[in-house]
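Everything on this sheet refers to the single structure shown next.
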Amino acid sequence: MDEKEPLPVNQSLKGLARNGRRNQTPEERKVWYDYLNKVKPRFHRQRVIGNYIVDFYSPKLKVIIEIDGYQHYYEENKEYDKKRTEYLESLGFVVIRFDNTEVKKRFPWVVNELMAFCENRAKELNITDYNFMVEG
(Lines give C-alpha, C1' and ligand atoms only; values in the text may rest on other atoms or scores of the structure.)
Protein backbone atom coordinates (compact mmCIF):
# COMPACT_ATOMS: atom_id res chain seq x y z
CA MET A 1 0.00 0.00 0.00
CA ASP A 2 1.29 3.46 -0.93
CA GLU A 3 2.21 5.50 2.17
CA LYS A 4 0.22 8.48 0.84
CA GLU A 5 -2.91 6.38 0.42
CA PRO A 6 -5.14 6.43 3.53
CA LEU A 7 -5.53 3.23 5.48
CA PRO A 8 -8.83 1.40 5.26
CA VAL A 9 -10.84 2.06 8.43
CA ASN A 10 -14.03 0.40 9.61
CA GLN A 11 -15.71 3.47 11.11
CA SER A 12 -17.95 1.32 13.32
CA LEU A 13 -14.87 0.24 15.33
CA LYS A 14 -13.71 3.76 16.22
CA GLY A 15 -15.67 3.85 19.48
CA LEU A 16 -14.16 0.51 20.55
CA ALA A 17 -10.68 1.82 19.77
CA ARG A 18 -11.32 4.97 21.80
CA ASN A 19 -12.52 2.80 24.67
CA GLY A 20 -9.37 0.68 24.31
CA ARG A 21 -7.21 3.79 24.69
CA ARG A 22 -9.09 4.72 27.87
CA ASN A 23 -9.01 1.20 29.29
CA GLN A 24 -5.67 -0.29 28.30
CA THR A 25 -4.53 -3.49 29.94
CA PRO A 26 -1.79 -3.01 32.55
CA GLU A 27 0.72 -4.49 30.08
CA GLU A 28 -0.34 -2.18 27.24
CA ARG A 29 -0.20 0.78 29.63
CA LYS A 30 3.35 -0.17 30.69
CA VAL A 31 4.58 -0.50 27.08
CA TRP A 32 2.95 2.82 26.17
CA TYR A 33 3.88 5.01 29.15
CA ASP A 34 7.26 3.47 29.92
CA TYR A 35 8.48 3.27 26.32
CA LEU A 36 6.48 3.81 23.13
CA ASN A 37 5.08 7.29 23.79
CA LYS A 38 8.67 8.56 24.11
CA VAL A 39 10.18 7.24 20.87
CA LYS A 40 10.53 8.78 17.44
CA PRO A 41 9.00 8.27 14.91
CA ARG A 42 5.69 8.43 16.68
CA PHE A 43 3.52 5.46 17.59
CA HIS A 44 -0.26 5.49 18.02
CA ARG A 45 -2.26 3.24 20.32
CA GLN A 46 -5.51 1.37 19.79
CA ARG A 47 -6.10 2.38 16.17
CA VAL A 48 -8.47 0.93 13.60
CA ILE A 49 -6.90 -0.52 10.48
CA GLY A 50 -9.42 -2.20 8.21
CA ASN A 51 -11.66 -4.36 10.37
CA TYR A 52 -9.12 -4.63 13.17
CA ILE A 53 -7.97 -2.60 16.16
CA VAL A 54 -4.20 -2.80 16.63
CA ASP A 55 -2.53 -2.20 19.98
CA PHE A 56 0.23 0.10 18.68
CA TYR A 57 1.39 1.21 15.28
CA SER A 58 3.80 3.54 13.61
CA PRO A 59 2.62 4.80 10.23
CA LYS A 60 6.12 5.93 9.30
CA LEU A 61 7.84 2.66 10.26
CA LYS A 62 4.89 0.55 9.06
CA VAL A 63 5.19 -1.44 12.30
CA ILE A 64 2.40 -2.89 14.41
CA ILE A 65 3.08 -4.06 17.96
CA GLU A 66 0.66 -6.44 19.63
CA ILE A 67 0.59 -7.28 23.33
CA ASP A 68 -1.17 -10.62 23.64
CA GLY A 69 -3.15 -11.90 26.59
CA TYR A 70 -4.01 -15.52 27.33
CA GLN A 71 -6.96 -15.52 24.90
CA HIS A 72 -4.54 -15.47 21.96
CA TYR A 73 -3.39 -18.99 22.81
CA TYR A 74 -6.76 -20.66 22.27
CA GLU A 75 -6.83 -22.62 19.01
CA GLU A 76 -9.77 -20.67 17.57
CA ASN A 77 -7.98 -17.38 18.21
CA LYS A 78 -4.70 -18.52 16.65
CA GLU A 79 -6.41 -18.81 13.24
CA TYR A 80 -8.02 -15.38 13.66
CA ASP A 81 -4.64 -13.86 14.59
CA LYS A 82 -3.02 -15.53 11.57
CA LYS A 83 -5.61 -14.05 9.16
CA ARG A 84 -5.36 -10.68 10.89
CA THR A 85 -1.57 -10.65 10.58
CA GLU A 86 -1.75 -11.67 6.91
CA TYR A 87 -4.16 -8.80 6.22
CA LEU A 88 -1.98 -6.24 8.03
CA GLU A 89 1.11 -7.51 6.22
CA SER A 90 -0.73 -7.16 2.90
CA LEU A 91 -0.93 -3.42 3.71
CA GLY A 92 2.86 -3.31 4.11
CA PHE A 93 3.04 -3.53 7.90
CA VAL A 94 5.37 -5.74 9.89
CA VAL A 95 3.75 -7.21 13.01
CA ILE A 96 5.68 -8.01 16.17
CA ARG A 97 4.07 -9.70 19.16
CA PHE A 98 4.84 -9.94 22.85
CA ASP A 99 2.75 -11.67 25.46
CA ASN A 100 1.62 -10.20 28.75
CA THR A 101 4.00 -12.39 30.75
CA GLU A 102 7.00 -11.06 28.81
CA VAL A 103 5.91 -7.49 29.52
CA LYS A 104 5.34 -8.23 33.22
CA LYS A 105 8.44 -10.30 33.92
CA ARG A 106 10.95 -9.27 31.25
CA PHE A 107 10.16 -5.65 30.43
CA PRO A 108 13.79 -4.55 29.88
CA TRP A 109 14.14 -7.42 27.38
CA VAL A 110 10.92 -6.34 25.62
CA VAL A 111 12.24 -2.78 25.32
CA ASN A 112 15.57 -4.02 23.94
CA GLU A 113 13.76 -6.19 21.40
CA LEU A 114 11.57 -3.27 20.35
CA MET A 115 14.55 -0.92 20.04
CA ALA A 116 16.47 -3.37 17.85
CA PHE A 117 13.40 -4.25 15.77
CA CYS A 118 12.42 -0.63 15.15
CA GLU A 119 15.97 0.47 14.44
CA ASN A 120 16.36 -2.29 11.84
CA ARG A 121 13.02 -1.35 10.32
CA ALA A 122 14.03 2.33 10.13
CA LYS A 123 17.22 1.34 8.34
CA GLU A 124 15.28 -0.90 5.91
CA LEU A 125 13.04 2.04 5.04
CA ASN A 126 15.92 4.57 4.93
CA ILE A 127 14.45 6.56 7.80
CA THR A 128 17.20 8.56 9.47
CA ASP A 129 15.23 10.76 11.86
CA TYR A 130 14.58 8.32 14.71
CA ASN A 131 15.29 7.82 18.39
CA PHE A 132 14.38 4.53 20.05
CA MET A 133 16.45 5.12 23.20
CA VAL A 134 14.62 6.46 26.22
CA GLU A 135 15.87 7.76 29.54
CA GLY A 136 14.92 6.09 32.73
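Letters A, B, ... mark the chains of the C-alpha coordinates in the order given; residue numbers begin at 1 per chain; ligand numbers begin at 1, in order shown.
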
* To do: Check the DSSP output for the backbone and give back, as a ChimeraX atom specification, the residues of region 58-129 of chain A in alpha helix (DSSP H).
  => /A:75-90,100-105,107-124

* Asked: region 7-111 of chain A: which residues are strand (DSSP E) by DSSP, as a list in words?
  ->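 Residues meeting the strand (DSSP E) criterion: His44, Arg45, Gln46, Arg47, Val48, Ile49, Tyr52, Ile53, Val54, Asp55, Phe56, Tyr57, Ser58, Val63, Ile64, Ile65, Glu66, Ile67, Asp68, Val94, Val95, Ile96, Arg97, Phe98 and Asp99 of chain A.
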
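Of the listed residues A:Ala17, A:Ile67, A:Leu88, A:Val9, the one whose atoms come nearest to Gly50 (chain A) is A:Val9, with distances taken using only C-alpha atoms.
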
* Asked: Within 12 Å of region 131-135 of chain A, counting only C-alpha atoms, which residues qualify if same-chain residues fewer than 4 places away don't, as a PyMOL selection string?
  -> chain A and resi 33-43+61+108+111-122+127

Kindly export the residues of the current selection with N, CA and C atoms, as a PDB file, in the first residue's frame.
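Once written, again.pdb looks like this:
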ATOM      1  N   TYR A  33       3.380   3.917  28.314  1.00  0.00           N
ATOM      2  CA  TYR A  33       3.881   5.006  29.153  1.00  0.00           C
ATOM      3  C   TYR A  33       5.363   4.871  29.513  1.00  0.00           C
ATOM      4  N   ASP A  34       5.863   3.657  29.550  1.00  0.00           N
ATOM      5  CA  ASP A  34       7.264   3.474  29.918  1.00  0.00           C
ATOM      6  C   ASP A  34       8.186   3.363  28.701  1.00  0.00           C
ATOM      7  N   TYR A  35       7.603   3.338  27.494  1.00  0.00           N
ATOM      8  CA  TYR A  35       8.476   3.269  26.324  1.00  0.00           C
ATOM      9  C   TYR A  35       7.909   3.953  25.079  1.00  0.00           C
ATOM     10  N   LEU A  36       6.873   3.407  24.488  1.00  0.00           N
ATOM     11  CA  LEU A  36       6.481   3.813  23.127  1.00  0.00           C
ATOM     12  C   LEU A  36       6.104   5.282  22.968  1.00  0.00           C
ATOM     13  N   ASN A  37       5.495   5.887  23.976  1.00  0.00           N
ATOM     14  CA  ASN A  37       5.082   7.285  23.792  1.00  0.00           C
ATOM     15  C   ASN A  37       6.270   8.249  23.820  1.00  0.00           C
ATOM     16  N   LYS A  38       7.476   7.714  24.043  1.00  0.00           N
ATOM     17  CA  LYS A  38       8.674   8.559  24.113  1.00  0.00           C
ATOM     18  C   LYS A  38       9.581   8.415  22.894  1.00  0.00           C
ATOM     19  N   VAL A  39       9.265   7.499  21.979  1.00  0.00           N
ATOM     20  CA  VAL A  39      10.178   7.240  20.867  1.00  0.00           C
ATOM     21  C   VAL A  39       9.788   8.036  19.626  1.00  0.00           C
ATOM     22  N   LYS A  40      10.733   8.085  18.706  1.00  0.00           N
ATOM     23  CA  LYS A  40      10.531   8.784  17.441  1.00  0.00           C
ATOM     24  C   LYS A  40      11.021   7.864  16.336  1.00  0.00           C
ATOM     25  N   PRO A  41      10.261   7.659  15.261  1.00  0.00           N
ATOM     26  CA  PRO A  41       8.996   8.266  14.909  1.00  0.00           C
ATOM     27  C   PRO A  41       7.874   7.817  15.834  1.00  0.00           C
ATOM     28  N   ARG A  42       6.828   8.576  15.776  1.00  0.00           N
ATOM     29  CA  ARG A  42       5.693   8.433  16.676  1.00  0.00           C
ATOM     30  C   ARG A  42       4.925   7.129  16.476  1.00  0.00           C
ATOM     31  N   PHE A  43       4.442   6.591  17.590  1.00  0.00           N
ATOM     32  CA  PHE A  43       3.522   5.457  17.592  1.00  0.00           C
ATOM     33  C   PHE A  43       2.146   5.951  18.023  1.00  0.00           C
ATOM     34  N   LEU A  61       7.065   3.899  10.271  1.00  0.00           N
ATOM     35  CA  LEU A  61       7.837   2.661  10.263  1.00  0.00           C
ATOM     36  C   LEU A  61       7.079   1.498   9.637  1.00  0.00           C
ATOM     37  N   PRO A 108      12.569  -5.068  30.518  1.00  0.00           N
ATOM     38  CA  PRO A 108      13.789  -4.547  29.877  1.00  0.00           C
ATOM     39  C   PRO A 108      14.130  -5.313  28.583  1.00  0.00           C
ATOM     40  N   VAL A 111      11.789  -4.080  25.820  1.00  0.00           N
ATOM     41  CA  VAL A 111      12.239  -2.779  25.319  1.00  0.00           C
ATOM     42  C   VAL A 111      13.446  -2.952  24.399  1.00  0.00           C
ATOM     43  N   ASN A 112      14.404  -3.783  24.797  1.00  0.00           N
ATOM     44  CA  ASN A 112      15.573  -4.017  23.940  1.00  0.00           C
ATOM     45  C   ASN A 112      15.174  -4.639  22.609  1.00  0.00           C
ATOM     46  N   GLU A 113      14.247  -5.575  22.642  1.00  0.00           N
ATOM     47  CA  GLU A 113      13.764  -6.193  21.403  1.00  0.00           C
ATOM     48  C   GLU A 113      13.080  -5.158  20.513  1.00  0.00           C
ATOM     49  N   LEU A 114      12.253  -4.311  21.120  1.00  0.00           N
ATOM     50  CA  LEU A 114      11.572  -3.272  20.349  1.00  0.00           C
ATOM     51  C   LEU A 114      12.559  -2.268  19.764  1.00  0.00           C
ATOM     52  N   MET A 115      13.549  -1.864  20.554  1.00  0.00           N
ATOM     53  CA  MET A 115      14.553  -0.921  20.043  1.00  0.00           C
ATOM     54  C   MET A 115      15.269  -1.505  18.832  1.00  0.00           C
ATOM     55  N   ALA A 116      15.732  -2.740  18.950  1.00  0.00           N
ATOM     56  CA  ALA A 116      16.465  -3.365  17.849  1.00  0.00           C
ATOM     57  C   ALA A 116      15.563  -3.552  16.633  1.00  0.00           C
ATOM     58  N   PHE A 117      14.353  -4.012  16.860  1.00  0.00           N
ATOM     59  CA  PHE A 117      13.403  -4.255  15.765  1.00  0.00           C
ATOM     60  C   PHE A 117      13.099  -2.952  15.030  1.00  0.00           C
ATOM     61  N   CYS A 118      12.780  -1.908  15.773  1.00  0.00           N
ATOM     62  CA  CYS A 118      12.417  -0.634  15.152  1.00  0.00           C
ATOM     63  C   CYS A 118      13.615   0.024  14.473  1.00  0.00           C
ATOM     64  N   GLU A 119      14.782  -0.096  15.072  1.00  0.00           N
ATOM     65  CA  GLU A 119      15.974   0.474  14.437  1.00  0.00           C
ATOM     66  C   GLU A 119      16.262  -0.230  13.112  1.00  0.00           C
ATOM     67  N   ASN A 120      16.164  -1.550  13.097  1.00  0.00           N
ATOM     68  CA  ASN A 120      16.361  -2.289  11.844  1.00  0.00           C
ATOM     69  C   ASN A 120      15.315  -1.896  10.808  1.00  0.00           C
ATOM     70  N   ARG A 121      14.092  -1.741  11.245  1.00  0.00           N
ATOM     71  CA  ARG A 121      13.021  -1.350  10.324  1.00  0.00           C
ATOM     72  C   ARG A 121      13.281   0.042   9.750  1.00  0.00           C
ATOM     73  N   ALA A 122      13.712   0.971  10.598  1.00  0.00           N
ATOM     74  CA  ALA A 122      14.026   2.327  10.132  1.00  0.00           C
ATOM     75  C   ALA A 122      15.127   2.278   9.073  1.00  0.00           C
ATOM     76  N   ILE A 127      14.890   5.503   6.903  1.00  0.00           N
ATOM     77  CA  ILE A 127      14.448   6.565   7.805  1.00  0.00           C
ATOM     78  C   ILE A 127      15.638   6.912   8.693  1.00  0.00           C
TER      79      ILE A 127
END

* Asked: Mind pulling up the distance from CA of Gln24 (chain A) to CA of Lys105 (chain A)?
  ->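 Computing the Euclidean distance for CA of Lys105 (chain A) and CA of Gln24 (chain A) yields 18.2 Å.
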
* Asked: Looking at A:Ile96, A:Ile53, A:Leu91, A:Val31, which one is nearest to Pro6 (chain A), with distances taken over only C-alpha atoms?
  -> A:Leu91

* **Minimum-distance residue to Leu16 (chain A), chosen among A:Asp55, A:Lys60, A:Val94, A:Lys30 (using only C-alpha atoms)** =>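 Comparing A:Asp55, A:Lys60, A:Val94, A:Lys30 against Leu16 (chain A), the winner is A:Asp55.
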